[in-house]
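run03.tsv (TSV, C-alpha atoms)
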chain	number	residue	atom	x	y	z
X	1	MET	CA	-3.03	-22.54	38.43
X	2	ASN	CA	-6.37	-21.71	36.85
X	3	CYS	CA	-7.49	-22.87	33.39
X	4	ARG	CA	-7.04	-19.45	31.77
X	5	LYS	CA	-3.39	-19.35	32.82
X	6	ALA	CA	-3.00	-22.98	31.76
X	7	GLU	CA	-4.33	-22.14	28.31
X	8	LYS	CA	-1.70	-19.41	27.92
X	9	LEU	CA	1.05	-21.79	28.95
X	10	LEU	CA	-0.37	-24.49	26.72
X	11	LEU	CA	-0.18	-22.28	23.63
X	12	ARG	CA	3.36	-21.25	24.51
X	13	SER	CA	4.24	-24.87	24.98
X	14	ILE	CA	2.88	-25.79	21.54
X	15	ASP	CA	4.97	-22.92	20.15
X	16	GLY	CA	8.03	-24.31	21.95
X	17	ARG	CA	8.43	-21.15	24.01
X	18	LEU	CA	7.95	-22.51	27.52
X	19	ASP	CA	10.71	-23.02	30.07
X	20	GLU	CA	11.05	-26.28	31.99
X	21	ARG	CA	9.58	-25.03	35.24
X	22	ALA	CA	6.43	-23.70	33.55
X	23	GLN	CA	6.26	-26.89	31.50
X	24	GLY	CA	6.16	-28.89	34.74
X	25	LEU	CA	3.39	-26.72	36.17
X	26	LEU	CA	1.37	-27.11	32.98
X	27	ALA	CA	1.84	-30.88	32.93
X	28	ARG	CA	0.54	-31.13	36.50
X	29	HIS	CA	-2.49	-28.99	35.63
X	30	LEU	CA	-3.26	-31.04	32.53
X	31	GLU	CA	-3.13	-34.25	34.53
X	32	ALA	CA	-5.76	-32.90	36.85
X	33	CYS	CA	-7.99	-30.98	34.41
X	34	GLN	CA	-9.97	-32.81	31.77
X	35	ALA	CA	-11.24	-29.60	30.12
X	36	CYS	CA	-7.70	-28.38	29.52
X	37	ARG	CA	-6.66	-31.79	28.14
X	38	LYS	CA	-9.52	-31.51	25.69
X	39	ALA	CA	-8.45	-27.96	24.83
X	40	GLU	CA	-4.92	-29.18	24.19
X	41	LYS	CA	-6.16	-31.82	21.75
X	42	GLU	CA	-8.35	-29.30	20.00
X	43	TYR	CA	-5.53	-26.81	19.65
X	44	ARG	CA	-3.14	-29.44	18.32
X	45	SER	CA	-5.61	-30.66	15.71
X	46	MET	CA	-6.44	-27.09	14.75
X	47	PHE	CA	-2.75	-26.25	14.23
X	48	ASN	CA	-2.21	-29.41	12.18
X	49	LEU	CA	-4.97	-28.41	9.81
X	50	LEU	CA	-3.73	-24.83	9.61
X	51	LYS	CA	-0.22	-25.95	8.71
X	52	ASP	CA	-1.39	-28.30	5.96
X	53	GLY	CA	-1.14	-26.84	2.50
X	54	ARG	CA	1.57	-24.38	3.51
X	55	ASP	CA	3.90	-25.68	0.82
X	56	ALA	CA	1.59	-25.38	-2.17
X	57	ALA	CA	3.65	-25.03	-5.33
X	58	PRO	CA	3.43	-21.71	-7.11
X	59	LEU	CA	2.28	-21.54	-10.73
X	60	PRO	CA	5.08	-22.12	-13.26
X	61	ARG	CA	7.02	-19.52	-15.30
X	62	PHE	CA	6.53	-16.81	-12.70
X	63	TRP	CA	9.46	-14.64	-13.78
X	64	GLU	CA	8.68	-15.03	-17.50
X	65	ARG	CA	5.22	-13.64	-16.81
X	66	LEU	CA	6.44	-10.94	-14.45
X	67	GLU	CA	9.28	-9.52	-16.55
X	68	PRO	CA	7.16	-8.00	-19.39
X	69	ARG	CA	4.91	-6.39	-16.78
X	70	LEU	CA	7.92	-4.85	-15.06
X	71	ARG	CA	9.18	-3.49	-18.38
X	72	GLU	CA	5.77	-2.12	-19.25
X	73	GLU	CA	5.39	-0.45	-15.87
X	74	THR	CA	8.87	1.03	-16.04
X	75	GLU	CA	8.02	2.57	-19.42
X	76	LEU	CA	4.79	3.91	-17.98
X	77	VAL	CA	6.42	5.54	-14.97
X	78	PRO	CA	7.31	8.86	-16.71
X	79	LEU	CA	3.80	9.02	-18.18
X	80	LEU	CA	2.26	8.32	-14.81
X	81	PHE	CA	4.50	10.98	-13.31
X	82	TRP	CA	3.31	13.50	-15.90
X	83	GLU	CA	-0.31	12.43	-15.42
X	84	ARG	CA	-0.04	12.93	-11.68
X	85	TRP	CA	1.67	16.31	-11.97
X	86	SER	CA	-0.50	17.54	-14.82
X	87	LEU	CA	-3.52	17.11	-12.59
X	88	ARG	CA	-1.84	19.29	-10.00
X	89	ALA	CA	-0.71	21.76	-12.65
X	90	ILE	CA	-4.26	22.58	-13.77
X	91	PRO	CA	-5.28	24.49	-10.60
X	92	VAL	CA	-1.87	26.19	-10.48
X	93	PHE	CA	-2.30	27.31	-14.11
X	94	LEU	CA	-5.82	28.58	-13.41
X	95	ALA	CA	-4.60	30.52	-10.38
X	96	LEU	CA	-1.87	32.12	-12.48
X	97	VAL	CA	-4.39	33.11	-15.17
X	98	ILE	CA	-6.65	34.69	-12.54
X	99	LEU	CA	-3.74	36.58	-10.97
X	100	LEU	CA	-2.54	37.84	-14.33
X	101	GLY	CA	-6.07	38.84	-15.37
X	102	GLY	CA	-6.55	40.68	-12.10
X	103	PHE	CA	-3.27	42.51	-12.51
X	104	LEU	CA	-4.11	43.58	-16.05
X	105	PHE	CA	-7.60	44.65	-15.02
X	106	PHE	CA	-6.61	46.71	-12.00
X	107	ALA	CA	-3.25	48.04	-13.14
X	108	PRO	CA	-3.28	51.77	-14.17
X	109	GLN	CA	-3.64	52.15	-17.90
X	110	ALA	CA	-0.53	53.36	-19.63
X	111	ARG	CA	-0.96	57.04	-20.62
X	112	GLU	CA	-0.40	58.24	-24.12
X	113	MET	CA	3.03	59.68	-24.43
X	114	SER	CA	3.31	63.35	-25.11
X	115	GLN	CA	5.25	64.63	-28.07
X	116	SER	CA	8.14	65.74	-25.87
X	117	THR	CA	8.33	62.33	-24.19
X	118	THR	CA	8.40	60.67	-27.59
X	119	LEU	CA	11.15	62.96	-28.70
X	120	LEU	CA	13.13	62.34	-25.53
X	121	LEU	CA	12.75	58.57	-25.96
X	122	GLU	CA	13.97	58.92	-29.52
X	123	ASN	CA	16.95	60.73	-28.10
X	124	ARG	CA	16.04	63.99	-29.84
X	125	ASP	CA	15.97	67.46	-28.35
X	126	PRO	CA	12.35	68.51	-27.75
X	127	LEU	CA	13.37	72.18	-27.64
X	128	SER	CA	15.08	72.23	-31.03
X	129	GLU	CA	12.10	73.80	-32.85
X	130	THR	CA	11.54	76.42	-30.16
X	131	ARG	CA	15.19	77.21	-30.14
X	132	THR	CA	15.07	77.92	-33.90
X	133	LEU	CA	12.27	80.38	-33.30
X	134	PHE	CA	14.15	82.20	-30.56
X	135	GLU	CA	17.23	82.33	-32.65
X	136	ALA	CA	15.41	84.13	-35.49
X	137	ASP	CA	16.87	87.52	-36.27
X	138	LYS	CA	13.93	89.85	-36.32
X	139	PRO	CA	11.70	90.13	-33.29
X	140	GLU	CA	8.61	90.53	-35.57
X	141	THR	CA	9.39	87.34	-37.40
X	142	ARG	CA	9.95	85.62	-34.08
X	143	THR	CA	6.59	86.79	-32.74
X	144	MET	CA	4.78	85.76	-35.90
X	145	MET	CA	6.40	82.33	-35.89
X	146	LEU	CA	5.51	81.85	-32.26
X	147	MET	CA	1.90	82.77	-32.99
X	148	PHE	CA	1.70	80.33	-35.88
X	149	ALA	CA	3.37	77.61	-33.84
X	150	SER	CA	0.82	78.04	-31.07
X	151	LEU	CA	-1.98	77.90	-33.64
X	152	ASP	CA	-0.56	74.60	-34.99
X	153	ASP	CA	-0.60	72.97	-31.56
X	154	LYS	CA	-4.00	74.10	-30.34
X	155	ALA	CA	-7.42	73.84	-31.82
X	156	PRO	CA	-8.51	77.15	-33.30
X	157	LEU	CA	-10.07	79.32	-30.67
X	158	ARG	CA	-13.23	81.05	-31.57
X	159	ARG	CA	-13.85	84.43	-30.34
X	160	PRO	CA	-17.07	84.69	-28.45
X	161	THR	CA	-19.58	86.45	-30.66
X	162	PRO	CA	-21.01	89.47	-29.08
W	1	MET	CA	25.96	-12.99	-4.24
W	2	GLU	CA	24.84	-11.44	-0.98
W	3	GLU	CA	21.30	-10.17	-0.67
W	4	LYS	CA	22.39	-6.60	0.05
W	5	GLN	CA	24.42	-6.55	-3.13
W	6	LEU	CA	21.52	-7.97	-5.09
W	7	VAL	CA	19.23	-5.28	-3.73
W	8	LYS	CA	21.76	-2.58	-4.59
W	9	LEU	CA	22.14	-3.89	-8.13
W	10	ALA	CA	18.38	-4.15	-8.53
W	11	GLN	CA	18.05	-0.55	-7.34
W	12	GLU	CA	20.53	0.44	-10.02
W	13	GLY	CA	18.28	-1.21	-12.60
W	14	SER	CA	19.70	-4.71	-13.03
W	15	PRO	CA	16.86	-7.07	-14.06
W	16	GLN	CA	19.05	-10.11	-13.31
W	17	ALA	CA	19.51	-9.03	-9.70
W	18	PHE	CA	15.79	-8.47	-9.28
W	19	GLU	CA	15.09	-11.84	-10.88
W	20	GLU	CA	17.28	-13.50	-8.25
W	21	LEU	CA	15.39	-11.73	-5.50
W	22	VAL	CA	12.08	-12.80	-7.04
W	23	THR	CA	13.27	-16.40	-7.30
W	24	LYS	CA	14.28	-16.36	-3.65
W	25	TYR	CA	11.13	-14.81	-2.22
W	26	GLN	CA	8.46	-15.94	-4.68
W	27	PRO	CA	7.51	-19.18	-2.87
W	28	LYS	CA	7.02	-17.36	0.43
W	29	VAL	CA	5.07	-14.48	-1.08
W	30	PHE	CA	2.92	-16.87	-3.10
W	31	SER	CA	2.29	-19.04	-0.07
W	32	MET	CA	1.35	-16.00	2.00
W	33	ALA	CA	-1.10	-14.85	-0.66
W	34	LEU	CA	-2.49	-18.36	-1.01
W	35	SER	CA	-3.14	-18.68	2.69
W	36	PHE	CA	-5.37	-15.62	2.51
W	37	THR	CA	-7.06	-16.22	-0.83
W	38	ARG	CA	-7.21	-20.05	-0.93
W	39	ASN	CA	-7.09	-19.81	-4.70
W	40	ARG	CA	-3.90	-20.48	-6.66
W	41	GLU	CA	-4.69	-18.19	-9.58
W	42	ALA	CA	-5.66	-15.31	-7.30
W	43	ALA	CA	-2.56	-15.92	-5.17
W	44	ASP	CA	-0.38	-15.94	-8.29
W	45	ASP	CA	-1.91	-12.65	-9.46
W	46	LEU	CA	-1.35	-11.13	-6.05
W	47	ALA	CA	2.25	-12.32	-5.96
W	48	GLN	CA	2.87	-10.72	-9.37
W	49	GLU	CA	1.35	-7.45	-8.24
W	50	ILE	CA	3.36	-7.53	-5.02
W	51	PHE	CA	6.65	-7.92	-6.89
W	52	LEU	CA	5.59	-5.21	-9.31
W	53	LYS	CA	4.91	-2.87	-6.40
W	54	ALA	CA	8.19	-3.80	-4.77
W	55	TYR	CA	10.08	-3.16	-8.02
W	56	LEU	CA	8.57	0.30	-8.41
W	57	ALA	CA	9.23	1.12	-4.75
W	58	LEU	CA	12.75	-0.31	-4.73
W	59	THR	CA	14.39	3.12	-4.75
W	60	ARG	CA	12.58	3.92	-1.51
W	61	PHE	CA	14.09	0.90	0.27
W	62	HIS	CA	16.96	2.25	2.36
W	63	GLY	CA	18.03	-0.96	4.03
W	64	ARG	CA	16.82	-0.03	7.50
W	65	SER	CA	15.21	-3.48	7.74
W	66	GLU	CA	15.88	-6.76	5.99
W	67	PHE	CA	14.73	-6.88	2.37
W	68	GLY	CA	12.51	-9.88	3.21
W	69	THR	CA	10.77	-8.00	6.03
W	70	TRP	CA	10.23	-5.00	3.75
W	71	LEU	CA	8.83	-7.26	1.03
W	72	TYR	CA	6.52	-9.12	3.45
W	73	ARG	CA	5.24	-5.78	4.70
W	74	ILE	CA	4.38	-4.78	1.14
W	75	SER	CA	2.79	-8.20	0.67
W	76	MET	CA	0.67	-7.87	3.79
W	77	ASN	CA	-0.55	-4.41	2.87
W	78	HIS	CA	-1.39	-5.49	-0.65
W	79	ILE	CA	-3.19	-8.62	0.52
W	80	LYS	CA	-5.16	-6.62	3.09
W	81	ASP	CA	-6.25	-4.19	0.36
W	82	PHE	CA	-7.25	-7.10	-1.84
W	83	LEU	CA	-9.29	-8.70	0.92
W	84	ARG	CA	-11.03	-5.46	1.80
W	85	LYS	CA	-12.01	-4.97	-1.83
W	86	LYS	CA	-13.26	-8.51	-2.12
W	87	GLY	CA	-14.96	-8.67	1.28
W	88	ARG	CA	-14.65	-12.42	1.13
W	89	ALA	CA	-15.25	-13.07	4.83
W	90	LYS	CA	-18.98	-12.60	4.43
W	91	GLU	CA	-19.37	-15.01	1.54
W	92	VAL	CA	-19.37	-18.34	3.34
W	93	PRO	CA	-22.28	-19.66	5.39
W	94	LEU	CA	-20.27	-21.38	8.10
W	95	ASP	CA	-23.02	-23.58	9.45
W	96	ASP	CA	-23.35	-25.36	6.12
W	97	VAL	CA	-19.65	-26.03	5.97
W	98	CYS	CA	-19.67	-27.47	9.47
W	99	GLU	CA	-22.47	-29.81	8.48
W	100	LEU	CA	-20.65	-30.92	5.37
W	101	ALA	CA	-17.40	-31.53	7.20
W	102	PHE	CA	-18.63	-33.83	9.90
W	103	SER	CA	-21.68	-35.58	8.54
W	104	ASP	CA	-20.16	-38.80	7.25
W	105	LYS	CA	-18.30	-40.27	10.21
W	106	GLU	CA	-18.62	-43.85	9.03
W	107	GLN	CA	-16.51	-43.44	5.90
W	108	THR	CA	-13.21	-45.24	6.36
W	109	GLU	CA	-11.73	-45.59	2.92
W	110	LYS	CA	-8.46	-43.79	2.32
W	111	ALA	CA	-9.68	-41.59	-0.52
W	112	GLU	CA	-12.67	-40.62	1.50
W	113	LEU	CA	-10.47	-39.76	4.47
W	114	GLU	CA	-8.34	-37.54	2.30
W	115	ARG	CA	-11.37	-35.79	0.97
W	116	GLU	CA	-12.66	-35.40	4.50
W	117	THR	CA	-9.39	-33.93	5.67
W	118	GLU	CA	-9.45	-31.49	2.79
W	119	VAL	CA	-12.97	-30.46	3.69
W	120	ARG	CA	-11.97	-29.98	7.32
W	121	ARG	CA	-8.98	-27.97	6.31
W	122	ALA	CA	-11.30	-25.78	4.27
W	123	LEU	CA	-13.59	-25.48	7.25
W	124	VAL	CA	-10.79	-24.26	9.50
W	125	ARG	CA	-9.63	-21.81	6.83
W	126	ARG	CA	-13.12	-20.44	6.42
W	127	HIS	CA	-13.37	-19.89	10.13
W	128	VAL	CA	-10.03	-18.11	9.98
W	129	GLU	CA	-11.49	-15.87	7.27
W	130	SER	CA	-14.39	-14.99	9.49
W	131	LEU	CA	-12.07	-13.61	12.20
W	132	PRO	CA	-11.61	-9.85	12.48
W	133	GLU	CA	-8.81	-8.73	10.19
W	134	LYS	CA	-6.14	-8.06	12.81
W	135	TYR	CA	-6.58	-11.53	14.32
W	136	ARG	CA	-6.80	-13.21	10.97
W	137	VAL	CA	-3.58	-11.60	9.76
W	138	ILE	CA	-1.54	-12.50	12.81
W	139	LEU	CA	-2.87	-16.05	12.95
W	140	THR	CA	-2.12	-16.58	9.27
W	141	LEU	CA	1.41	-15.26	9.59
W	142	ARG	CA	2.20	-17.41	12.61
W	143	ASP	CA	0.15	-20.59	12.36
W	144	ILE	CA	-0.20	-20.96	8.62
W	145	GLN	CA	2.95	-19.30	7.36
W	146	GLY	CA	5.05	-20.28	10.35
W	147	LEU	CA	6.86	-16.93	10.64
W	148	ALA	CA	8.83	-16.26	13.80
W	149	TYR	CA	7.43	-13.93	16.45
W	150	ASP	CA	10.07	-11.26	15.95
W	151	GLU	CA	9.57	-11.34	12.19
W	152	ILE	CA	5.83	-10.83	12.62
W	153	SER	CA	6.58	-8.05	15.02
W	154	ARG	CA	8.74	-6.31	12.38
W	155	ILE	CA	6.32	-6.89	9.50
W	156	LEU	CA	3.27	-5.62	11.34
W	157	ARG	CA	5.22	-3.00	13.29
W	158	LEU	CA	3.88	-4.29	16.59
W	159	SER	CA	5.66	-4.78	19.89
W	160	PRO	CA	6.48	-8.41	20.79
W	161	GLY	CA	4.04	-8.17	23.69
W	162	THR	CA	1.22	-7.11	21.37
W	163	VAL	CA	2.03	-9.91	18.95
W	164	ASP	CA	1.91	-12.39	21.81
W	165	SER	CA	-1.40	-11.21	23.26
W	166	ARG	CA	-3.11	-10.69	19.90
W	167	LEU	CA	-2.07	-14.12	18.70
W	168	HIS	CA	-3.32	-15.69	21.91
W	169	ARG	CA	-6.70	-14.00	21.44
W	170	ALA	CA	-6.86	-15.00	17.78
W	171	ARG	CA	-6.18	-18.67	18.55
W	172	ARG	CA	-8.71	-18.67	21.33
W	173	MET	CA	-11.35	-17.11	19.09
W	174	LEU	CA	-10.70	-19.65	16.36
W	175	ARG	CA	-10.95	-22.56	18.77
W	176	LEU	CA	-14.25	-21.22	20.11
W	177	LYS	CA	-15.58	-20.84	16.58
W	178	LEU	CA	-14.61	-24.43	15.83
W	179	ALA	CA	-16.02	-25.73	19.12
W	180	PRO	CA	-19.33	-26.97	17.65
W	181	CYS	CA	-17.38	-29.04	15.14
W	182	PHE	CA	-15.17	-30.82	17.68
W	183	THR	CA	-16.31	-34.15	19.08
W	184	GLU	CA	-17.06	-34.81	22.72
W	185	GLU	CA	-13.69	-36.50	23.19
W	186	GLY	CA	-11.81	-33.47	22.02
W	187	GLY	CA	-12.18	-33.75	18.32
W	188	VAL	CA	-8.71	-35.06	17.63
W	189	HIS	CA	-9.70	-37.92	15.42
W	190	GLU	CA	-12.40	-35.95	13.68
W	191	LEU	CA	-10.23	-32.99	12.89
W	192	SER	CA	-6.69	-34.16	12.47
W	193	GLN	CA	-6.77	-37.37	10.48
W	194	SER	CA	-4.45	-36.85	7.57
Output the structure of this file as C-alpha cells.
Amino acid sequence: MNCRKAEKLLLRSIDGRLDERAQGLLARHLEACQACRKAEKEYRSMFNLLKDGRDAAPLPRFWERLEPRLREETELVPLLFWERWSLRAIPVFLALVILLGGFLFFAPQAREMSQSTTLLLENRDPLSETRTLFEADKPETRTMMLMFASLDDKAPLRRPTP
Amino acid sequence: MEEKQLVKLAQEGSPQAFEELVTKYQPKVFSMALSFTRNREAADDLAQEIFLKAYLALTRFHGRSEFGTWLYRISMNHIKDFLRKKGRAKEVPLDDVCELAFSDKEQTEKAELERETEVRRALVRRHVESLPEKYRVILTLRDIQGLAYDEISRILRLSPGTVDSRLHRARRMLRLKLAPCFTEEGGVHELSQS
C-alpha cells in the first residue's frame, strides 16, 4: 500500500468508516511508515482543534428577539408583494398606453353623420318631409315646394355671368 | 408533538408551533453560523435572519426532505451569501498568526496553556477560512459541526461519492496549510494540548 492510499484509509479510520480488513492493512502500513504516523498525529490534533468550541452557547432570549421581527415581516409581506408587482406593472402600463395611443392615432376618424343617419338613429322616418311634398294636391305647389326644399339644402347657386 | 405536525401547524400560521421548531433547531443553526463567522453576535444575527427566511418560505416547504435538512440548506445558502459579501477570507495575514501561535513554547502554566490552545484553535479556523469555499463548507459541516455524511450530501445536494472525495481533498489541503506550524515530531503536543 502506498502512502496516498494509506492517507485515504487513515481519514476513513478517524471517521470510523473503515472495515476490519482495511484497518489491519492500515495498521501494518503505519507501523512501517514514519511519515504516515506523523500525518496521523497531525490529522488527529487538527480534528481535536476543529471540534473544540462546537457547543458554544447561543445568545439568550432568541425567540423573544425573533418574534417581533417575524410579525413585522409578515405585515410587510403584502406591501413587498405590491412593491414587487408595481415595478412590473409600470412597463405593462406604458405598453398599454402606447398601444392605445397608436390605435387612436391610426384608427379612421369617425365621419360626421348625415341628417338621414341621425334621423334613422333617432328612429324617425327620413322620408317623412319628402312624402308630405309628394302628397301635396296640386302639381304646381308640389314643384314649388320641391324647388324651395332643394334651395334650403344647398348653397345658393350663382348663375355664371355672361 | 411530532415534527411534521409542528411544521404543518406553523405553515397554517401558528406562532407556537414555529417557536417549538426554532427552539429545537436554534442551537444547531447558531453553531453552524458561529463556525463560519467566529463571532457570537454575527452568528446570532445570522441565525435570526435564517429563521426569518425559513418562516417566510415555510409555505414552499412540501416535506420532500426532512425539515432539518431544508433548514440547514437555507442556513448554508444564507451563510455563503454573508461570507461572500464580507469577503472575510482575505482579511487575516496567516503568517503572523502562525508566529503568534507557536512562539512561546516554554510557557507551562495552566492559564497560559488555555490561552495557547485558544490561539491555536483560532489559527486552525483561520486556515479553514482561507480554503476555497466548497472545501471550507464541507469541512465545516463535517469536522466542525459533526454532521453525518448522508446529511451533508442532502444539504449540499451532492452525491455521497462527491462528499467523500471533496472532504478528503479539503482535509488534505488544511493539513498542508498547517504543515509549517506542526513540530518535527508531528505537532501533537504543540497543537492539541487542551
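Across W:Cys181, W:Val124, W:Ala111, W:Leu6, the tightest approach to chain X is made by W:Val124 when counting only C-alpha atoms.
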Check which residues of chain X sit at most 7 Å from chain W using all atoms listed in the file, and return one row each with the closest pair of atoms and their distance in Å to one decimal, ordered by chain and rising number, as a Markdown table.
| residue | atom | partner | partner_atom | distance |
| --- | --- | --- | --- | --- |
| X:Lys38 | CA | W:Gly186 | CA | 4.7 |
| X:Lys41 | CA | W:Val188 | CA | 5.8 |
| X:Glu42 | CA | W:Gly186 | CA | 5.8 |
| X:Tyr43 | CA | W:Arg175 | CA | 6.9 |
| X:Ser45 | CA | W:Ser192 | CA | 4.9 |
| X:Phe47 | CA | W:Asp143 | CA | 6.6 |
| X:Asn48 | CA | W:Ser192 | CA | 6.5 |
| X:Leu49 | CA | W:Arg121 | CA | 5.3 |
| X:Leu50 | CA | W:Ile144 | CA | 5.3 |
| X:Lys51 | CA | W:Ile144 | CA | 5.0 |
| X:Arg54 | CA | W:Ile144 | CA | 6.4 |
| X:Asp55 | CA | W:Ser31 | CA | 6.9 |
| X:Ala56 | CA | W:Ser31 | CA | 6.7 |
| X:Pro58 | CA | W:Phe30 | CA | 6.3 |
| X:Leu59 | CA | W:Asp44 | CA | 6.7 |
| X:Trp63 | CA | W:Glu19 | CA | 6.9 |
| X:Leu66 | CA | W:Gln48 | CA | 6.2 |
| X:Leu70 | CA | W:Leu52 | CA | 6.2 |
Quick check, in Å to one decimal: how far apart do CA of Arg154 (chain W) and CA of His78 (chain W) lie? 16.5 Å
Computed interatomic separation between CA of Ser14 (chain W) and CA of Phe62 (chain X) (Å): 17.9 Å
Just the number, please: distance in Å from CA of Asn77 (chain W) to CA of Asp15 (chain X), one decimal.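 So the two atoms, CA of Asn77 (chain W) and CA of Asp15 (chain X), lie 25.9 Å apart.
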I'd like the contact shell of Ala6 (chain X) - 9 Å cut-off, all atoms listed in the file, skipping same-chain residues fewer than 2 positions apart - returned as a PDB file with C-alpha atoms, keeping the file's coordinate frame.
ATOM      1  CA  MET X   1      -3.030 -22.540  38.430  1.00  0.00           C
ATOM      2  CA  ASN X   2      -6.370 -21.710  36.850  1.00  0.00           C
ATOM      3  CA  CYS X   3      -7.490 -22.870  33.390  1.00  0.00           C
ATOM      4  CA  ARG X   4      -7.040 -19.450  31.770  1.00  0.00           C
ATOM      5  CA  LYS X   8      -1.700 -19.410  27.920  1.00  0.00           C
ATOM      6  CA  LEU X   9       1.050 -21.790  28.950  1.00  0.00           C
ATOM      7  CA  LEU X  10      -0.370 -24.490  26.720  1.00  0.00           C
ATOM      8  CA  LEU X  11      -0.180 -22.280  23.630  1.00  0.00           C
ATOM      9  CA  LEU X  25       3.390 -26.720  36.170  1.00  0.00           C
ATOM     10  CA  LEU X  26       1.370 -27.110  32.980  1.00  0.00           C
ATOM     11  CA  HIS X  29      -2.490 -28.990  35.630  1.00  0.00           C
ATOM     12  CA  LEU X  30      -3.260 -31.040  32.530  1.00  0.00           C
ATOM     13  CA  CYS X  36      -7.700 -28.380  29.520  1.00  0.00           C
TER      14      CYS X  36
END
Which residue is closest to Ser65 (chain W)? Choose from W:Arg157, W:Lys80, W:Lys86, W:Arg126 and count only C-alpha atoms.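 Among W:Arg157, W:Lys80, W:Lys86, W:Arg126, it is W:Arg157 that comes nearest to Ser65 (chain W).
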So that I can check the surroundings of Ala170 (chain W), please list as a PyMOL selection string every protein, DNA and RNA residue that reaches within 8 Å of it, counting all atoms listed in the file and ignoring chain neighbours fewer than 6 positions away. chain W and resi 131+135-136+138-139
Find the residues around region 66-72 of chain W up to 7 Å (all atoms listed in the file counted), leave out those fewer than 3 positions away in its own chain, and share them as an mmCIF file with C-alpha atoms, in the coordinates of the input.
data_model
loop_
_atom_site.group_PDB
_atom_site.id
_atom_site.type_symbol
_atom_site.label_atom_id
_atom_site.label_comp_id
_atom_site.auth_asym_id
_atom_site.auth_seq_id
_atom_site.Cartn_x
_atom_site.Cartn_y
_atom_site.Cartn_z
ATOM 1 C CA ALA W 54 8.190 -3.800 -4.770
ATOM 2 C CA GLY W 63 18.030 -0.960 4.030
ATOM 3 C CA SER W 75 2.790 -8.200 0.670
ATOM 4 C CA MET W 76 0.670 -7.870 3.790
ATOM 5 C CA ARG W 154 8.740 -6.310 12.380
ATOM 6 C CA ILE W 155 6.320 -6.890 9.500
#
